[in-house]
There are 2 protein chains.
Amino acid sequence: MAVFSGPLQSLIDELGRLPGIGPKSAQRITFHLLKVAPEDALRLAEAIIAVKERITLCTRCFNVAEGGLCAICLVDRRDAASVCVVEDPRDIVSVERTGEFSGKYHVLQGALNPIEGIGPDQLRVRELLVRVEEEDIKEVILCTNPNLEGEATAMYLARLLKPMGLTVTRIASGLPVGGDLEYADELTLGRALEGRREVEA
Amino acid sequence: MAVFSGPLQSLIDELGRLPGIGPKSAQRITFHLLKVAPEDALRLAEAIIAVKERITLCTRCFNVAEGGLCAICLVDRRDAASVCVVEDPRDIVSVERTGEFSGKYHVLQGALNPIEGIGPDQLRVRELLVRVEEEDIKEVILCTNPNLEGEATAMYLARLLKPMGLTVTRIASGLPVGGDLEYADELTLGRALEGRREVEA
């Protein structure tokens with residue numbers, strides 16, 4: 001529904017294509033940009049162009065990078081024997097924030113999803129297998145999402161990796177810290193019971 | 001909280017400054033733009049630049065325009081004797097959609113709001129008075145929002161315009177069509193009673 005004309009409607013249309021932005025938000029942002037100082041709007045336009053021109057995928061782990069290797073692959077003191085496999089570069093940020101992991105990463109760039117036509121060939125699976133063969137990797141931590149697609153991907157990778165003679169682990173599912181048994185869904189509580197550990201005291 | 005570096009974080013920051021976009025949405029949009037074809041991202045950047053370069057405010061009514069007069073002021077067959085005063089150019093779209101008005105507009109570019117330092121001098125009030133003096137305007141319809149700021153603005157304008165010898169009207173407040181008495185707030189219902197009209201039968 002084009003209610004404005006020319007450049008205004010073009011911008012509304014372009015913004016409306018972004019994830020999570022509906023027609024009303026697109027209008028609101030357009031009129032906001034109309035009001036701000038020209039240099040502020042241009043900074044946004046230039047930031048978009050810079051991302052498309054300068055950001056690439058790491059040639060080793062497929063994290064975001066600025067040409068060649070990513071910031072994490074470039075750090076020598078990180079433990080190259082331990083590789084954490086994630087779906088998306090943003091997941092690296094989540095893992096890094098825990099402070100619990102000091103190894104390297106491998107970004108699959110998605111998860112198996114037959115309905116949407118995403119099979120192993122659409123993901124960076126072959127590149128992971130090459131890394132396992134060529135690098136001195138002792139443990140692969142499967143850190144895909146604990147949903148249907150992520151679990152299937154983890155199972156698939158585990159079956160490929162285990163025969164290669166290295167430790168393959170999966171992150172634990174269970175109750176979130178600060179959570180409440182009363183509000184836990186039965187699947188999560190079931191997983192928490194299944195993954196119970198002996199109390200060290 | 002800058003978790004990415006360089007151009008990625010710059011784009012996340014710039015997007016986060018837009019209305020209604022929080023840090024998570026900004027990240028999501030940034031990674032979406034990283035994935036789309038370069039020409040799609042560039043189209044968005046160019047649309048922003050085009051809006052800032054080409055869109056101006058109508059020199060007569062302060063609606064959005066592409067240089068000089070806006071699309072509505074340029075139409076001769078619209079009734080120039082009737083002017084609808086709105087806060088924002090987007091309100092013109094809402095009024096036009098009703099199909100009930102065929103006059104001209106005047107966009108105040110806001111509403112009186114002493115707390116935020118918006119007085120008559122920050123709005124296009126003087127320009128409205130000049131138009132009333134110079135053009136052959138018979139009726140001014142005050143179509144500001146039915147909230148505190150909009151009502152105050154309407155009252156203020158009515159007091160200025162009435163002595164100039166023209167009809168000054170305010171849009172009706174009342175129950176929305178398809179509404180329900182049970183769920184109407186008392187202010188709205190009060191206004192609806194106050195604005196009751198004799199049934200023509």
# chains A, B, ... in the order shown; residues from 1 in each chain; ligands from 1
call {"tool": "select_by_dssp", "arguments": {"residues": "region 39-144 of chain B", "states": "strand (DSSP E or B)", "output": "list in words"}}
result
Thr56, Leu57, Val64, Ala65, Asp79, Ala80, Ala81, Ser82, Val83, Cys84, Val85, Val86, Gly103, Lys104, Tyr105, His106, Val107, Asn113, Ile118, Glu139, Val140, Ile141 and Leu142 of chain B
call {"tool": "residues_around", "arguments": {"residues": "Glu133 (chain B)", "least_positions_apart": "4", "cutoff": "12 Å", "atoms": "only C-alpha atoms", "output": "JSON, numbers by chain"}}
result
{"B": [126, 127, 128, 129, 137, 138, 161, 163, 164, 165, 166]}
call {"tool": "select_by_dssp", "arguments": {"residues": "region 24-191 of chain B", "states": "helix (DSSP H, G or I)", "output": "PyMOL selection string"}}
result
chain B and resi 24-35+38-54+89-98+114-116+120-122+125-134+148-164+181-183+186-191
call {"tool": "closest_residue", "arguments": {"among": "A:Asp13, A:Glu198, A:Asp79, A:Glu87", "to": "Ile48 (chain B)", "atoms": "only C-alpha atoms"}}
result
A:Asp13
call {"tool": "interface_residues", "arguments": {"of": "chain A", "to": "chain B", "cutoff": "7 Å", "atoms": "only C-alpha atoms", "output": "mmCIF file with N, CA, C and O atoms, in the first residue's frame"}}
result
data_model
loop_
_atom_site.group_PDB
_atom_site.id
_atom_site.type_symbol
_atom_site.label_atom_id
_atom_site.label_comp_id
_atom_site.auth_asym_id
_atom_site.auth_seq_id
_atom_site.Cartn_x
_atom_site.Cartn_y
_atom_site.Cartn_z
ATOM 1 N N VAL A 3 1.394 4.899 0.068
ATOM 2 C CA VAL A 3 0.622 6.100 0.367
ATOM 3 C C VAL A 3 1.451 7.360 0.148
ATOM 4 O O VAL A 3 0.905 8.430 -0.056
ATOM 5 N N PRO A 7 10.896 9.156 -3.229
ATOM 6 C CA PRO A 7 11.943 8.664 -2.334
ATOM 7 C C PRO A 7 11.412 8.238 -0.970
ATOM 8 O O PRO A 7 11.921 7.281 -0.382
ATOM 9 N N LEU A 8 10.380 8.940 -0.461
ATOM 10 C CA LEU A 8 9.831 8.573 0.855
ATOM 11 C C LEU A 8 9.294 7.149 0.817
ATOM 12 O O LEU A 8 9.619 6.330 1.685
ATOM 13 N N SER A 10 9.970 4.820 -1.310
ATOM 14 C CA SER A 10 11.062 3.868 -1.559
ATOM 15 C C SER A 10 11.739 3.484 -0.249
ATOM 16 O O SER A 10 12.031 2.312 -0.009
ATOM 17 N N LEU A 11 12.003 4.485 0.599
ATOM 18 C CA LEU A 11 12.675 4.193 1.860
ATOM 19 C C LEU A 11 11.771 3.364 2.766
ATOM 20 O O LEU A 11 12.228 2.406 3.408
ATOM 21 N N GLU A 14 11.954 -0.170 1.501
ATOM 22 C CA GLU A 14 13.233 -0.827 1.802
ATOM 23 C C GLU A 14 13.318 -1.193 3.284
ATOM 24 O O GLU A 14 13.763 -2.284 3.632
ATOM 25 N N LEU A 18 13.232 -5.289 6.113
ATOM 26 C CA LEU A 18 14.132 -5.744 7.182
ATOM 27 C C LEU A 18 13.363 -6.615 8.170
ATOM 28 O O LEU A 18 12.165 -6.425 8.357
ATOM 29 N N PRO A 19 14.046 -7.558 8.839
ATOM 30 C CA PRO A 19 13.341 -8.441 9.770
ATOM 31 C C PRO A 19 12.809 -7.665 10.972
ATOM 32 O O PRO A 19 13.513 -6.832 11.534
ATOM 33 N N ILE A 29 10.261 5.221 11.135
ATOM 34 C CA ILE A 29 11.704 5.393 10.993
ATOM 35 C C ILE A 29 11.997 6.364 9.852
ATOM 36 O O ILE A 29 12.878 7.215 9.955
ATOM 37 N N LEU A 34 13.863 11.701 8.278
ATOM 38 C CA LEU A 34 13.574 12.968 7.595
ATOM 39 C C LEU A 34 13.881 14.133 8.523
ATOM 40 O O LEU A 34 14.274 15.215 8.079
ATOM 41 N N PRO A 38 21.225 15.852 8.527
ATOM 42 C CA PRO A 38 21.659 15.063 7.371
ATOM 43 C C PRO A 38 22.850 14.165 7.686
ATOM 44 O O PRO A 38 22.904 13.012 7.244
ATOM 45 N N ALA A 41 21.819 10.817 9.274
ATOM 46 C CA ALA A 41 21.233 9.861 8.324
ATOM 47 C C ALA A 41 22.318 9.295 7.411
ATOM 48 O O ALA A 41 22.330 8.101 7.120
ATOM 49 N N LEU A 42 23.241 10.150 7.008
ATOM 50 C CA LEU A 42 24.306 9.676 6.119
ATOM 51 C C LEU A 42 25.208 8.679 6.830
ATOM 52 O O LEU A 42 25.707 7.738 6.217
ATOM 53 N N LEU A 44 24.297 6.467 8.939
ATOM 54 C CA LEU A 44 23.626 5.169 8.850
ATOM 55 C C LEU A 44 23.825 4.562 7.456
ATOM 56 O O LEU A 44 24.185 3.382 7.324
ATOM 57 N N ALA A 45 23.616 5.377 6.424
ATOM 58 C CA ALA A 45 23.769 4.880 5.055
ATOM 59 C C ALA A 45 25.195 4.379 4.830
ATOM 60 O O ALA A 45 25.414 3.310 4.256
ATOM 61 N N ALA A 47 27.297 3.333 7.119
ATOM 62 C CA ALA A 47 27.557 2.141 7.930
ATOM 63 C C ALA A 47 27.076 0.894 7.200
ATOM 64 O O ALA A 47 27.725 -0.153 7.245
ATOM 65 N N ILE A 48 25.939 1.007 6.507
ATOM 66 C CA ILE A 48 25.415 -0.133 5.731
ATOM 67 C C ILE A 48 26.399 -0.482 4.620
ATOM 68 O O ILE A 48 26.760 -1.642 4.421
ATOM 69 N N ILE A 49 26.864 0.552 3.914
ATOM 70 C CA ILE A 49 27.799 0.323 2.804
ATOM 71 C C ILE A 49 29.106 -0.283 3.325
ATOM 72 O O ILE A 49 29.641 -1.234 2.739
ATOM 73 N N ALA A 50 29.597 0.228 4.465
ATOM 74 C CA ALA A 50 30.865 -0.265 5.015
ATOM 75 C C ALA A 50 30.767 -1.740 5.380
ATOM 76 O O ALA A 50 31.694 -2.519 5.134
ATOM 77 N N VAL A 51 29.636 -2.148 5.975
ATOM 78 C CA VAL A 51 29.470 -3.551 6.359
ATOM 79 C C VAL A 51 29.533 -4.442 5.118
ATOM 80 O O VAL A 51 30.200 -5.472 5.108
ATOM 81 N N LYS A 52 28.828 -4.009 4.048
ATOM 82 C CA LYS A 52 28.825 -4.838 2.842
ATOM 83 C C LYS A 52 30.196 -4.867 2.171
ATOM 84 O O LYS A 52 30.568 -5.841 1.532
ATOM 85 N N VAL A 93 29.347 -14.656 20.431
ATOM 86 C CA VAL A 93 29.263 -13.592 21.437
ATOM 87 C C VAL A 93 28.663 -14.135 22.725
ATOM 88 O O VAL A 93 29.152 -13.863 23.829
#
call {"tool": "residues_around", "arguments": {"residues": "Ala154 (chain B)", "least_positions_apart": "6", "cutoff": "12 Å", "atoms": "only C-alpha atoms", "output": "MDAnalysis selection string"}}
result
chainID B and resid 84:87 108 110:112 120 125 140:148 160:162 168:171
call {"tool": "write_last_selection", "arguments": {"atoms": "C-alpha atoms", "output": "PDB file, in the first residue's frame"}}
result
ATOM      1  CA  CYS B  84      -7.294  21.061   7.844  1.00  0.00           C
ATOM      2  CA  VAL B  85      -4.615  21.644  10.493  1.00  0.00           C
ATOM      3  CA  VAL B  86      -2.650  18.534  11.485  1.00  0.00           C
ATOM      4  CA  GLU B  87       0.422  17.869  13.624  1.00  0.00           C
ATOM      5  CA  LEU B 108       2.151  22.295  12.387  1.00  0.00           C
ATOM      6  CA  GLY B 110       4.254  19.009  16.212  1.00  0.00           C
ATOM      7  CA  ALA B 111       1.993  20.040  19.107  1.00  0.00           C
ATOM      8  CA  LEU B 112       2.409  22.408  22.036  1.00  0.00           C
ATOM      9  CA  PRO B 120       4.101  28.236  19.342  1.00  0.00           C
ATOM     10  CA  VAL B 125       1.669  28.704  13.820  1.00  0.00           C
ATOM     11  CA  VAL B 140     -10.097  25.914   9.613  1.00  0.00           C
ATOM     12  CA  ILE B 141     -10.578  22.347  10.887  1.00  0.00           C
ATOM     13  CA  LEU B 142      -8.399  21.655  13.919  1.00  0.00           C
ATOM     14  CA  CYS B 143      -7.378  18.052  13.415  1.00  0.00           C
ATOM     15  CA  THR B 144      -4.653  17.702  16.073  1.00  0.00           C
ATOM     16  CA  ASN B 145      -4.552  14.527  18.174  1.00  0.00           C
ATOM     17  CA  PRO B 146      -7.269  14.143  20.852  1.00  0.00           C
ATOM     18  CA  ASN B 147      -4.646  13.960  23.620  1.00  0.00           C
ATOM     19  CA  LEU B 148      -3.360  16.546  26.113  1.00  0.00           C
ATOM     20  CA  LEU B 160      -6.043  33.047  17.760  1.00  0.00           C
ATOM     21  CA  LEU B 161      -8.183  32.233  14.728  1.00  0.00           C
ATOM     22  CA  LYS B 162     -11.737  33.007  15.875  1.00  0.00           C
ATOM     23  CA  VAL B 168     -13.033  27.253  13.340  1.00  0.00           C
ATOM     24  CA  THR B 169     -14.027  23.627  13.964  1.00  0.00           C
ATOM     25  CA  ARG B 170     -12.577  20.716  15.931  1.00  0.00           C
ATOM     26  CA  ILE B 171     -12.902  17.049  14.950  1.00  0.00           C
TER      27      ILE B 171
END
call {"tool": "residues_around", "arguments": {"residues": "Leu74 (chain B)", "least_positions_apart": "4", "cutoff": "12 Å", "atoms": "only C-alpha atoms", "output": "list in words"}}
result
Cys58, Thr59, Arg60, Cys61, Asn63, Ala65, Glu66, Gly67, Gly68, Leu69, Cys70, Arg78, Asp79, Ala80, Gly103, Lys104 and Tyr105 of chain B
call {"tool": "atom_distance", "arguments": {"atom1": "CA of Leu175 (chain B)", "atom2": "CA of Ala192 (chain B)"}}
result
6.3 Å
call {"tool": "closest_residue", "arguments": {"among": "B:Ile92, B:Asp185, B:His106, B:Thr153", "to": "Val130 (chain B)", "atoms": "only C-alpha atoms"}}
result
B:His106
call {"tool": "closest_residue", "arguments": {"among": "A:Ser173, A:Asn113, A:Asp136, A:Gly178", "to": "Gly150 (chain A)", "atoms": "only C-alpha atoms"}}
result
A:Asn113
call {"tool": "atom_distance", "arguments": {"atom1": "CA of Val132 (chain B)", "atom2": "CA of Gly119 (chain B)"}}
result
20.1 Å
call {"tool": "atom_distance", "arguments": {"atom1": "CA of Phe101 (chain A)", "atom2": "CA of Val83 (chain A)"}}
result
9.5 Å
